[in-house]
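Student: Got a file for you: entry.pdb, PDB, C-alpha atoms.
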ATOM      1  CA  MET A   1      28.278 -32.609  11.052
ATOM      2  CA  SER A   2      29.026 -29.415   9.117
ATOM      3  CA  ARG A   3      28.272 -26.141  10.826
ATOM      4  CA  LYS A   4      25.925 -23.850   8.943
ATOM      5  CA  THR A   5      24.683 -20.288   8.954
ATOM      6  CA  ILE A   6      20.916 -20.523   9.393
ATOM      7  CA  VAL A   7      18.279 -17.796   9.306
ATOM      8  CA  VAL A   8      15.232 -18.874  11.295
ATOM      9  CA  ALA A   9      11.947 -17.061  10.634
ATOM     10  CA  LEU A  10       9.739 -17.555  13.676
ATOM     11  CA  GLY A  11       6.016 -17.733  13.031
ATOM     12  CA  GLY A  12       3.546 -15.548  14.899
ATOM     13  CA  ASN A  13       2.622 -18.431  17.201
ATOM     14  CA  ALA A  14       6.148 -18.279  18.625
ATOM     15  CA  ILE A  15       5.100 -15.285  20.720
ATOM     16  CA  ILE A  16       1.292 -15.185  20.940
ATOM     17  CA  GLU A  17      -0.726 -18.393  20.895
ATOM     18  CA  GLU A  18      -4.059 -18.270  19.113
ATOM     19  CA  GLY A  19      -6.940 -18.012  21.553
ATOM     20  CA  THR A  20      -4.971 -16.262  24.326
ATOM     21  CA  GLU A  21      -5.250 -12.641  25.479
ATOM     22  CA  GLY A  22      -1.656 -11.970  24.529
ATOM     23  CA  THR A  23      -0.610 -10.461  27.859
ATOM     24  CA  VAL A  24       3.086  -9.774  28.400
ATOM     25  CA  GLU A  25       3.228 -12.709  30.810
ATOM     26  CA  GLN A  26       1.674 -15.034  28.219
ATOM     27  CA  GLN A  27       4.048 -13.771  25.536
ATOM     28  CA  PHE A  28       7.058 -14.445  27.745
ATOM     29  CA  GLU A  29       5.780 -17.920  28.594
ATOM     30  CA  ASN A  30       5.173 -18.789  24.962
ATOM     31  CA  THR A  31       8.527 -17.365  23.890
ATOM     32  CA  ARG A  32      10.307 -19.521  26.467
ATOM     33  CA  LYS A  33       8.548 -22.606  25.103
ATOM     34  CA  SER A  34       9.661 -21.695  21.572
ATOM     35  CA  MET A  35      13.372 -21.594  22.345
ATOM     36  CA  ALA A  36      14.152 -25.330  22.659
ATOM     37  CA  ALA A  37      14.752 -25.822  18.938
ATOM     38  CA  ILE A  38      16.932 -22.716  18.724
ATOM     39  CA  VAL A  39      19.035 -23.895  21.657
ATOM     40  CA  GLY A  40      19.610 -27.186  19.822
ATOM     41  CA  MET A  41      20.904 -25.386  16.728
ATOM     42  CA  VAL A  42      23.237 -23.146  18.703
ATOM     43  CA  ARG A  43      24.524 -26.065  20.790
ATOM     44  CA  GLU A  44      25.384 -27.928  17.579
ATOM     45  CA  GLY A  45      27.598 -25.010  16.556
ATOM     46  CA  HIS A  46      25.416 -23.395  13.876
ATOM     47  CA  LYS A  47      25.460 -19.621  13.393
ATOM     48  CA  VAL A  48      21.878 -18.486  13.939
ATOM     49  CA  VAL A  49      19.940 -15.358  13.020
ATOM     50  CA  LEU A  50      16.332 -15.130  14.202
ATOM     51  CA  SER A  51      13.527 -13.086  12.715
ATOM     52  CA  HIS A  52       9.948 -12.837  13.948
ATOM     53  CA  GLY A  53       6.514 -11.605  12.981
ATOM     54  CA  ASN A  54       4.820  -8.723  14.788
ATOM     55  CA  GLY A  55       1.253  -8.618  13.458
ATOM     56  CA  PRO A  56      -0.651  -8.908  16.755
ATOM     57  CA  GLN A  57       1.766  -6.642  18.593
ATOM     58  CA  ALA A  58       1.640  -3.922  15.930
ATOM     59  CA  GLY A  59      -2.138  -4.218  15.979
ATOM     60  CA  VAL A  60      -2.138  -3.481  19.722
ATOM     61  CA  HIS A  61      -0.022  -0.371  19.125
ATOM     62  CA  LEU A  62      -2.466   0.850  16.496
ATOM     63  CA  ILE A  63      -5.406   0.353  18.863
ATOM     64  CA  ARG A  64      -3.492   2.302  21.525
ATOM     65  CA  ASN A  65      -2.976   5.064  18.966
ATOM     66  CA  GLU A  66      -6.723   5.402  18.551
ATOM     67  CA  ALA A  67      -7.529   5.147  22.250
ATOM     68  CA  ALA A  68      -4.991   7.810  23.239
ATOM     69  CA  SER A  69      -5.276  10.065  20.173
ATOM     70  CA  SER A  70      -6.911  12.878  22.154
ATOM     71  CA  GLN A  71      -4.010  12.981  24.622
ATOM     72  CA  VAL A  72      -0.780  12.131  22.772
ATOM     73  CA  PRO A  73       0.355  12.246  19.124
ATOM     74  CA  PRO A  74       0.008   8.856  17.399
ATOM     75  CA  SER A  75       3.048   6.854  16.318
ATOM     76  CA  THR A  76       3.619   6.258  12.626
ATOM     77  CA  LEU A  77       3.577   2.689  11.362
ATOM     78  CA  ASN A  78       7.334   2.579  10.714
ATOM     79  CA  VAL A  79       8.004   3.704  14.300
ATOM     80  CA  ILE A  80       5.593   1.033  15.565
ATOM     81  CA  VAL A  81       7.595  -1.623  13.713
ATOM     82  CA  ALA A  82      10.757  -0.306  15.384
ATOM     83  CA  ASP A  83       9.004  -0.339  18.773
ATOM     84  CA  THR A  84       7.949  -3.962  18.374
ATOM     85  CA  GLN A  85      11.418  -4.968  17.182
ATOM     86  CA  GLY A  86      12.737  -3.650  20.475
ATOM     87  CA  SER A  87      10.090  -5.093  22.787
ATOM     88  CA  MET A  88       9.837  -8.490  21.102
ATOM     89  CA  GLY A  89      13.589  -8.666  20.606
ATOM     90  CA  TYR A  90      13.962  -8.110  24.343
ATOM     91  CA  MET A  91      11.603 -10.996  25.117
ATOM     92  CA  ILE A  92      13.252 -13.366  22.646
ATOM     93  CA  ALA A  93      16.799 -12.398  23.639
ATOM     94  CA  GLN A  94      16.155 -12.818  27.357
ATOM     95  CA  SER A  95      14.287 -16.107  26.891
ATOM     96  CA  LEU A  96      16.951 -17.535  24.596
ATOM     97  CA  SER A  97      19.836 -16.355  26.800
ATOM     98  CA  ASN A  98      18.255 -18.038  29.830
ATOM     99  CA  ALA A  99      17.588 -21.236  27.882
ATOM    100  CA  LEU A 100      21.169 -21.356  26.574
ATOM    101  CA  ARG A 101      22.563 -20.820  30.064
ATOM    102  CA  LYS A 102      20.446 -23.678  31.421
ATOM    103  CA  ALA A 103      21.789 -25.866  28.610
ATOM    104  CA  GLY A 104      25.355 -24.977  29.548
ATOM    105  CA  VAL A 105      25.943 -22.847  26.455
ATOM    106  CA  GLU A 106      27.602 -19.453  26.877
ATOM    107  CA  LYS A 107      26.438 -17.243  24.010
ATOM    108  CA  ASP A 108      25.573 -13.582  23.702
ATOM    109  CA  VAL A 109      22.182 -12.867  22.122
ATOM    110  CA  VAL A 110      21.662  -9.423  20.611
ATOM    111  CA  THR A 111      18.730  -7.629  19.002
ATOM    112  CA  ILE A 112      19.281  -5.292  16.052
ATOM    113  CA  VAL A 113      16.631  -2.700  15.218
ATOM    114  CA  THR A 114      16.779  -3.326  11.485
ATOM    115  CA  GLN A 115      15.872  -1.034   8.599
ATOM    116  CA  VAL A 116      14.852  -2.576   5.280
ATOM    117  CA  GLU A 117      14.979  -0.511   2.118
ATOM    118  CA  VAL A 118      11.985  -0.519  -0.239
ATOM    119  CA  ASP A 119      11.169   1.195  -3.514
ATOM    120  CA  PRO A 120       8.787   4.142  -2.970
ATOM    121  CA  LYS A 121       7.458   3.389  -6.471
ATOM    122  CA  ASP A 122       6.708  -0.244  -5.660
ATOM    123  CA  PRO A 123       3.306  -1.124  -7.213
ATOM    124  CA  SER A 124       1.866  -1.868  -3.764
ATOM    125  CA  MET A 125       2.406   1.791  -2.804
ATOM    126  CA  LEU A 126      -0.217   2.751  -5.382
ATOM    127  CA  ASN A 127      -2.598  -0.059  -4.470
ATOM    128  CA  PRO A 128      -2.228  -0.916  -0.765
ATOM    129  CA  THR A 129      -3.952  -4.127   0.306
ATOM    130  CA  LYS A 130      -2.489  -5.075   3.706
ATOM    131  CA  TYR A 131      -5.081  -4.692   6.480
ATOM    132  CA  VAL A 132      -3.756  -3.182   9.723
ATOM    133  CA  GLY A 133      -5.197  -1.919  12.977
ATOM    134  CA  PRO A 134      -8.704  -1.914  14.421
ATOM    135  CA  PHE A 135     -12.053  -2.251  12.681
ATOM    136  CA  TYR A 136     -14.199   0.820  12.034
ATOM    137  CA  LYS A 137     -17.857   1.441  11.270
ATOM    138  CA  ALA A 138     -19.051   2.727   7.906
ATOM    139  CA  GLU A 139     -19.930   6.140   9.354
ATOM    140  CA  GLN A 140     -16.297   6.635  10.487
ATOM    141  CA  VAL A 141     -14.724   6.033   7.086
ATOM    142  CA  GLU A 142     -14.946   9.569   5.671
ATOM    143  CA  LYS A 143     -13.213  11.137   8.673
ATOM    144  CA  LEU A 144     -10.497   8.470   8.624
ATOM    145  CA  ARG A 145      -9.784   9.183   4.966
ATOM    146  CA  GLU A 146      -9.221  12.830   5.904
ATOM    147  CA  ARG A 147      -6.051  11.585   7.640
ATOM    148  CA  GLY A 148      -4.735  10.462   4.265
ATOM    149  CA  TRP A 149      -5.467   6.821   5.021
ATOM    150  CA  VAL A 150      -6.736   4.286   2.517
ATOM    151  CA  ILE A 151      -9.751   2.504   4.032
ATOM    152  CA  LYS A 152     -11.240  -0.662   2.577
ATOM    153  CA  GLU A 153     -13.899  -3.074   3.707
ATOM    154  CA  ASP A 154     -12.618  -6.279   5.221
ATOM    155  CA  PRO A 155     -15.486  -8.461   3.930
ATOM    156  CA  GLY A 156     -17.845  -9.550   6.675
ATOM    157  CA  ARG A 157     -15.802  -7.862   9.409
ATOM    158  CA  GLY A 158     -15.951  -4.100   8.938
ATOM    159  CA  PHE A 159     -13.722  -1.333   7.578
ATOM    160  CA  ARG A 160      -9.985  -1.175   8.164
ATOM    161  CA  ARG A 161      -6.966   0.780   7.133
ATOM    162  CA  VAL A 162      -4.866  -0.791   4.376
ATOM    163  CA  VAL A 163      -1.188  -0.067   3.780
ATOM    164  CA  ALA A 164       1.408  -1.047   1.230
ATOM    165  CA  SER A 165       3.479  -4.217   1.546
ATOM    166  CA  PRO A 166       6.440  -3.518  -0.776
ATOM    167  CA  ILE A 167       9.121  -5.994  -1.799
ATOM    168  CA  PRO A 168      12.266  -5.672   0.359
ATOM    169  CA  LEU A 169      15.339  -4.551  -1.598
ATOM    170  CA  ASP A 170      18.155  -4.287   0.943
ATOM    171  CA  VAL A 171      18.842  -4.685   4.661
ATOM    172  CA  VAL A 172      20.639  -1.582   5.886
ATOM    173  CA  GLU A 173      22.354  -3.279   8.853
ATOM    174  CA  LYS A 174      23.406  -6.419   6.957
ATOM    175  CA  GLY A 175      27.115  -5.789   7.529
ATOM    176  CA  THR A 176      26.698  -5.419  11.271
ATOM    177  CA  ILE A 177      24.569  -8.577  11.442
ATOM    178  CA  LYS A 178      27.229 -10.529   9.520
ATOM    179  CA  ASP A 179      29.983  -9.228  11.798
ATOM    180  CA  LEU A 180      28.040 -10.241  14.901
ATOM    181  CA  ILE A 181      27.317 -13.813  13.812
ATOM    182  CA  ASP A 182      30.914 -14.253  12.637
ATOM    183  CA  ASP A 183      31.918 -13.146  16.142
ATOM    184  CA  GLY A 184      29.811 -15.919  17.635
ATOM    185  CA  LYS A 185      26.725 -13.947  18.622
ATOM    186  CA  VAL A 186      23.142 -15.064  18.076
ATOM    187  CA  VAL A 187      21.326 -12.192  16.346
ATOM    188  CA  ILE A 188      17.654 -11.211  16.287
ATOM    189  CA  ALA A 189      16.996  -9.049  13.216
ATOM    190  CA  VAL A 190      14.417  -7.895  10.606
ATOM    191  CA  GLY A 191      11.659  -8.311  13.199
ATOM    192  CA  GLY A 192       8.238  -7.687  11.701
ATOM    193  CA  GLY A 193       9.861  -7.619   8.263
ATOM    194  CA  GLY A 194      12.102  -4.721   9.248
ATOM    195  CA  VAL A 195      11.407  -0.999   9.492
ATOM    196  CA  PRO A 196      10.472   0.107   5.942
ATOM    197  CA  VAL A 197      12.696   2.938   4.702
ATOM    198  CA  LYS A 198      13.346   4.629   1.368
ATOM    199  CA  ARG A 199      16.562   6.099  -0.002
ATOM    200  CA  GLU A 200      16.334   9.828  -0.721
ATOM    201  CA  ALA A 201      18.132  11.528  -3.644
ATOM    202  CA  ASP A 202      20.966  12.618  -1.350
ATOM    203  CA  GLY A 203      21.474   9.064  -0.072
ATOM    204  CA  THR A 204      19.811   9.581   3.297
ATOM    205  CA  LEU A 205      17.071   7.296   4.614
ATOM    206  CA  SER A 206      13.534   8.127   5.710
ATOM    207  CA  GLY A 207      10.711   5.990   7.054
ATOM    208  CA  VAL A 208       7.841   4.665   4.977
ATOM    209  CA  ASP A 209       4.395   3.892   6.374
ATOM    210  CA  ALA A 210       4.149   0.311   5.153
ATOM    211  CA  VAL A 211       4.681  -3.250   6.312
ATOM    212  CA  ILE A 212       7.128  -5.757   4.839
ATOM    213  CA  ASP A 213       6.454  -9.466   4.783
ATOM    214  CA  LYS A 214       8.608 -11.074   7.462
ATOM    215  CA  ASP A 215       9.453 -14.183   5.453
ATOM    216  CA  ARG A 216      10.525 -12.229   2.366
ATOM    217  CA  ALA A 217      12.710  -9.941   4.478
ATOM    218  CA  SER A 218      14.200 -13.003   6.187
ATOM    219  CA  ALA A 219      14.960 -14.595   2.815
ATOM    220  CA  LEU A 220      16.660 -11.417   1.597
ATOM    221  CA  LEU A 221      18.757 -11.154   4.756
ATOM    222  CA  ALA A 222      19.725 -14.818   4.428
ATOM    223  CA  ASN A 223      21.075 -14.161   0.937
ATOM    224  CA  LEU A 224      22.870 -10.968   1.951
ATOM    225  CA  ILE A 225      24.790 -12.642   4.791
ATOM    226  CA  GLY A 226      25.523 -15.803   2.792
ATOM    227  CA  ALA A 227      23.367 -18.131   4.875
ATOM    228  CA  ASP A 228      23.374 -21.815   3.993
ATOM    229  CA  GLU A 229      19.749 -22.394   4.912
ATOM    230  CA  LEU A 230      16.508 -20.559   5.563
ATOM    231  CA  LEU A 231      14.217 -22.212   8.098
ATOM    232  CA  ILE A 232      10.624 -20.943   8.055
ATOM    233  CA  LEU A 233       8.675 -22.021  11.123
ATOM    234  CA  THR A 234       4.913 -22.009  10.891
ATOM    235  CA  GLY A 235       1.839 -23.838  12.193
ATOM    236  CA  VAL A 236       2.124 -26.962  10.016
ATOM    237  CA  ASP A 237       4.707 -29.737   9.804
ATOM    238  CA  ARG A 238       4.934 -29.818   6.000
ATOM    239  CA  VAL A 239       3.708 -27.966   2.927
ATOM    240  CA  ALA A 240       0.545 -29.378   1.363
ATOM    241  CA  ILE A 241      -1.666 -28.826  -1.651
ATOM    242  CA  ASN A 242      -5.455 -29.213  -1.553
ATOM    243  CA  TYR A 243      -5.116 -28.293   2.123
ATOM    244  CA  LYS A 244      -7.771 -29.841   4.403
ATOM    245  CA  LYS A 245      -9.464 -31.493   1.427
ATOM    246  CA  PRO A 246      -9.944 -35.242   0.900
ATOM    247  CA  ASP A 247      -7.129 -35.294  -1.683
ATOM    248  CA  MET A 248      -4.672 -33.296   0.436
ATOM    249  CA  LYS A 249      -1.058 -34.107  -0.418
ATOM    250  CA  PHE A 250       2.002 -33.371   1.730
ATOM    251  CA  PHE A 251       5.497 -32.817   0.345
ATOM    252  CA  ASP A 252       8.809 -33.903   1.842
ATOM    253  CA  THR A 253      10.689 -32.141  -0.978
ATOM    254  CA  MET A 254       9.799 -29.544  -3.603
ATOM    255  CA  THR A 255      11.608 -27.703  -6.368
ATOM    256  CA  VAL A 256      11.227 -24.015  -7.153
ATOM    257  CA  ALA A 257       9.459 -24.992 -10.378
ATOM    258  CA  GLU A 258       6.899 -27.034  -8.431
ATOM    259  CA  CYS A 259       6.386 -24.210  -5.963
ATOM    260  CA  GLU A 260       5.768 -21.698  -8.729
ATOM    261  CA  LYS A 261       3.389 -24.068 -10.500
ATOM    262  CA  TYR A 262       1.255 -24.473  -7.378
ATOM    263  CA  LEU A 263       1.404 -20.747  -6.636
ATOM    264  CA  LYS A 264      -0.125 -20.087 -10.062
ATOM    265  CA  GLU A 265      -2.831 -22.623  -9.253
ATOM    266  CA  ASN A 266      -3.647 -20.687  -6.041
ATOM    267  CA  GLN A 267      -2.760 -23.655  -3.859
ATOM    268  CA  PHE A 268      -0.995 -21.413  -1.348
ATOM    269  CA  PRO A 269      -3.199 -18.604   0.057
ATOM    270  CA  LYS A 270      -1.810 -15.075   0.218
ATOM    271  CA  GLY A 271      -2.589 -14.787   3.908
ATOM    272  CA  SER A 272      -0.810 -17.942   5.030
ATOM    273  CA  MET A 273       1.472 -20.266   3.039
ATOM    274  CA  GLY A 274       1.743 -18.104  -0.093
ATOM    275  CA  PRO A 275       4.308 -15.563   1.197
ATOM    276  CA  LYS A 276       6.397 -18.373   2.701
ATOM    277  CA  ILE A 277       6.603 -20.192  -0.624
ATOM    278  CA  GLU A 278       7.403 -16.927  -2.429
ATOM    279  CA  ALA A 279      10.154 -16.200   0.100
ATOM    280  CA  ALA A 280      11.566 -19.695  -0.365
ATOM    281  CA  CYS A 281      11.678 -19.229  -4.140
ATOM    282  CA  ASP A 282      13.323 -15.810  -3.735
ATOM    283  CA  PHE A 283      16.065 -17.261  -1.530
ATOM    284  CA  ILE A 284      16.845 -20.138  -3.899
ATOM    285  CA  LYS A 285      16.793 -17.944  -7.023
ATOM    286  CA  ARG A 286      19.264 -15.537  -5.447
ATOM    287  CA  GLY A 287      21.717 -18.366  -4.815
ATOM    288  CA  GLY A 288      20.533 -19.941  -1.552
ATOM    289  CA  ALA A 289      20.922 -23.695  -1.250
ATOM    290  CA  LYS A 290      17.939 -24.872   0.753
ATOM    291  CA  VAL A 291      14.759 -23.768   2.493
ATOM    292  CA  ILE A 292      12.931 -25.833   5.092
ATOM    293  CA  ILE A 293       9.326 -25.137   6.051
ATOM    294  CA  THR A 294       8.053 -26.875   9.173
ATOM    295  CA  SER A 295       6.557 -26.404  12.628
ATOM    296  CA  MET A 296       8.338 -25.119  15.701
ATOM    297  CA  GLU A 297       8.093 -28.585  17.258
ATOM    298  CA  ASN A 298       9.933 -30.193  14.346
ATOM    299  CA  ALA A 299      12.603 -27.525  13.868
ATOM    300  CA  THR A 300      15.528 -29.503  15.302
ATOM    301  CA  ALA A 301      14.600 -32.650  13.377
ATOM    302  CA  ALA A 302      14.203 -30.567  10.208
ATOM    303  CA  ILE A 303      17.756 -29.188  10.453
ATOM    304  CA  ASP A 304      18.954 -32.787  10.728
ATOM    305  CA  GLY A 305      16.980 -33.704   7.591
ATOM    306  CA  LYS A 306      14.291 -35.686   9.399
ATOM    307  CA  ALA A 307      11.228 -33.434   9.128
ATOM    308  CA  GLY A 308       9.576 -30.628   7.211
ATOM    309  CA  THR A 309       9.377 -29.764   3.524
ATOM    310  CA  VAL A 310      12.741 -29.106   1.874
ATOM    311  CA  ILE A 311      12.737 -26.717  -1.086
ATOM    312  CA  THR A 312      15.682 -26.606  -3.481
ATOM    313  CA  ALA A 313      16.422 -25.511  -7.026
TER     314      ALA A 313
END
Go ahead and render the structure in this file as structure tokens.
Tutor:
Amino acid sequence: MSRKTIVVALGGNAIIEEGTEGTVEQQFENTRKSMAAIVGMVREGHKVVLSHGNGPQAGVHLIRNEAASSQVPPSTLNVIVADTQGSMGYMIAQSLSNALRKAGVEKDVVTIVTQVEVDPKDPSMLNPTKYVGPFYKAEQVEKLRERGWVIKEDPGRGFRRVVASPIPLDVVEKGTIKDLIDDGKVVIAVGGGGVPVKREADGTLSGVDAVIDKDRASALLANLIGADELLILTGVDRVAINYKKPDMKFFDTMTVAECEKYLKENQFPKGSMGPKIEAACDFIKRGGAKVIITSMENATAAIDGKAGTVITA
């Protein structure tokens, strides 16, 4: 079996299961359960980079901001992403290191707080649509807008802050990540899509209050480090059209052309499968060979070609 470089994008359910409180203890327990497939890849000799979502965790930070705003200065969104990269990276690294040791595999696991460059003139900066943080009442909206926030109604749920979700352009620490995996380390990077930063006129970097889609950042990183495959782990075993309808159809394989056709037909919702399909197309168009979309439970079988939806050119 040929050894590959694989970027694995962990879905949100890898850390917090739906329906749970999301305590630290629960997050650790769920993370430990999520590591079996990763251990299998590492044991087979593949070079592995892990990414992860951070939506629920960032949401908790934003609620803490509000609750403690009278006592301490609030954290900016880019700093919150960095915070969650550290805390979640710690949980994943410790859980994976322990699982590898139990499997008799000696491997260092490292977490990189990763910056991802975006264009400050990205169209989403002018029309932010990504909901973040707690819900507010209508009478609070005017005061919130005085902070410079964009507030929109989340239909049927209340009012929330919306921020930009720009397209990732570059991963600042890509060289370090490549060096580490070539040295045999397992790397956790671009957590939460990476810390959004912009390049100033003098070449320096500064933070941007935005969020980057985790799957698109993972696809970009995969291209930049020359990964053979991108594995996107989510809550379903395979990609489907007409989802949960009588004529639902699952796919074992798809081409980029098919993916783009179904995207135009709105088969893949923006809040769930849509960004994953877009990320898959991005990776293939930039020279990647293969993307697999499947569930955490089927990850090992998918790498061996026995599960999931495989997307190619």
Student: Run through the PyMOL selection byres ((chain A and resi 283) around 8) on the given coordinates and return the selected residues as a count of residues only.
Tutor: 15
Student: List as a list in words the protein and nucleic acid residues near segment 202-218 of chain A, meaning an atom at most 7 Å away when all atoms listed in the file are counted, but skip any in the same chain fewer than 5 places from it.
Tutor: Ala9, Ser51, His52, Gly53, Thr76, Leu77, Asn78, Val163, Ala164, Ser165, Pro166, Ile167, Pro168, Val190, Gly192, Gly193, Gly194, Pro196, Val197, Pro275, Lys276 and Ala279 of chain A
Student: With the PyMOL selection byres ((chain A and resi 188) around 12) as the selection, what would be picked from this file? Answer as a PyMOL selection string, please.
Tutor: chain A and resi 7-10+38+47-53+85-94+96-97+108-114+173-174+176-178+180-181+185-187+189-194+218+221
Student: So the first atom is atom CA of Gln267 of chain A and the second is atom CA of Ala289 of chain A; what is the distance between them in Å, to one decimal place?
Tutor: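 We find that atom CA of Gln267 of chain A and atom CA of Ala289 of chain A lie 23.8 Å from each other.
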Student: Within 9 Å of segment 253-265 of chain A, counting only C-alpha atoms, which residues qualify if same-chain residues fewer than 6 places away don't, as number ranges by chain?
Tutor: A: 241, 274, 277-278, 280-281, 284-285, 308-313
Student: Which residue is closest to Gly226 of chain A? Choose from A:Arg64, A:Lys290, A:Lys121, A:Lys270 and count all atoms listed in the file.
Tutor: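 Closest candidate: A:Lys290.
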Student: Compare A:Gly271, A:Gly184, A:Pro246, A:Gly305 by their minimum atom-to-atom distance to Gly45 of chain A, counting all atoms listed in the file, and give me the closest one.
Tutor: A:Gly184
Student: Let me know the residues the PyMOL selection byres ((chain A and resi 99) around 8) catches in the file above, as a PyMOL selection string.
Tutor: chain A and resi 32+35-36+39+95-98+100-103
Student: Find the spatial neighbours of Ile15 of chain A, counting only C-alpha atoms, within a cut-off of 6 Å - ignore same-chain residues fewer than 4 positions away - and output them as an MDAnalysis selection string.
Tutor: chainID A and resid 27 30:31
Student: Centre and edge lengths, as AutoDock Vina command-line options, for the axis-aligned box enclosing every listed atom of segment 95-101 of chain A with 4 Å of padding on each of the six sides, in Å to one decimal?
Tutor:
--center_x 18.4 --center_y -18.7 --center_z 27.3 --size_x 16.3 --size_y 13.2 --size_z 13.5
Student: With a distance cut-off of 10 Å and only C-alpha atoms, select the neighbouring residues of Gly133 of chain A, excluding the residue or stretch itself and same-chain residues fewer than 6 positions from it, and output the selection as a PyMOL selection string.
Tutor: chain A and resi 55-56+58-66+160-162
Student: Provide the atom CA of Lys4 of chain A to atom CA of Glu229 of chain A distance in Å, to one decimal place.
Tutor: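 Atom CA of Glu229 of chain A lies at a distance of 7.5 Å from atom CA of Lys4 of chain A.
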Student: I need the residue nearest Ala82 of chain A from this list: A:Leu144, A:Val195, A:Ala68, A:Ile151. Use all atoms listed in the file for the distance.
Tutor: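 Among the listed residues, A:Val195 lies closest to Ala82 of chain A.
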Student: Do you have the atom CA of Tyr136 of chain A-atom CA of Ser70 of chain A distance handy?
Tutor: 17.3 Å
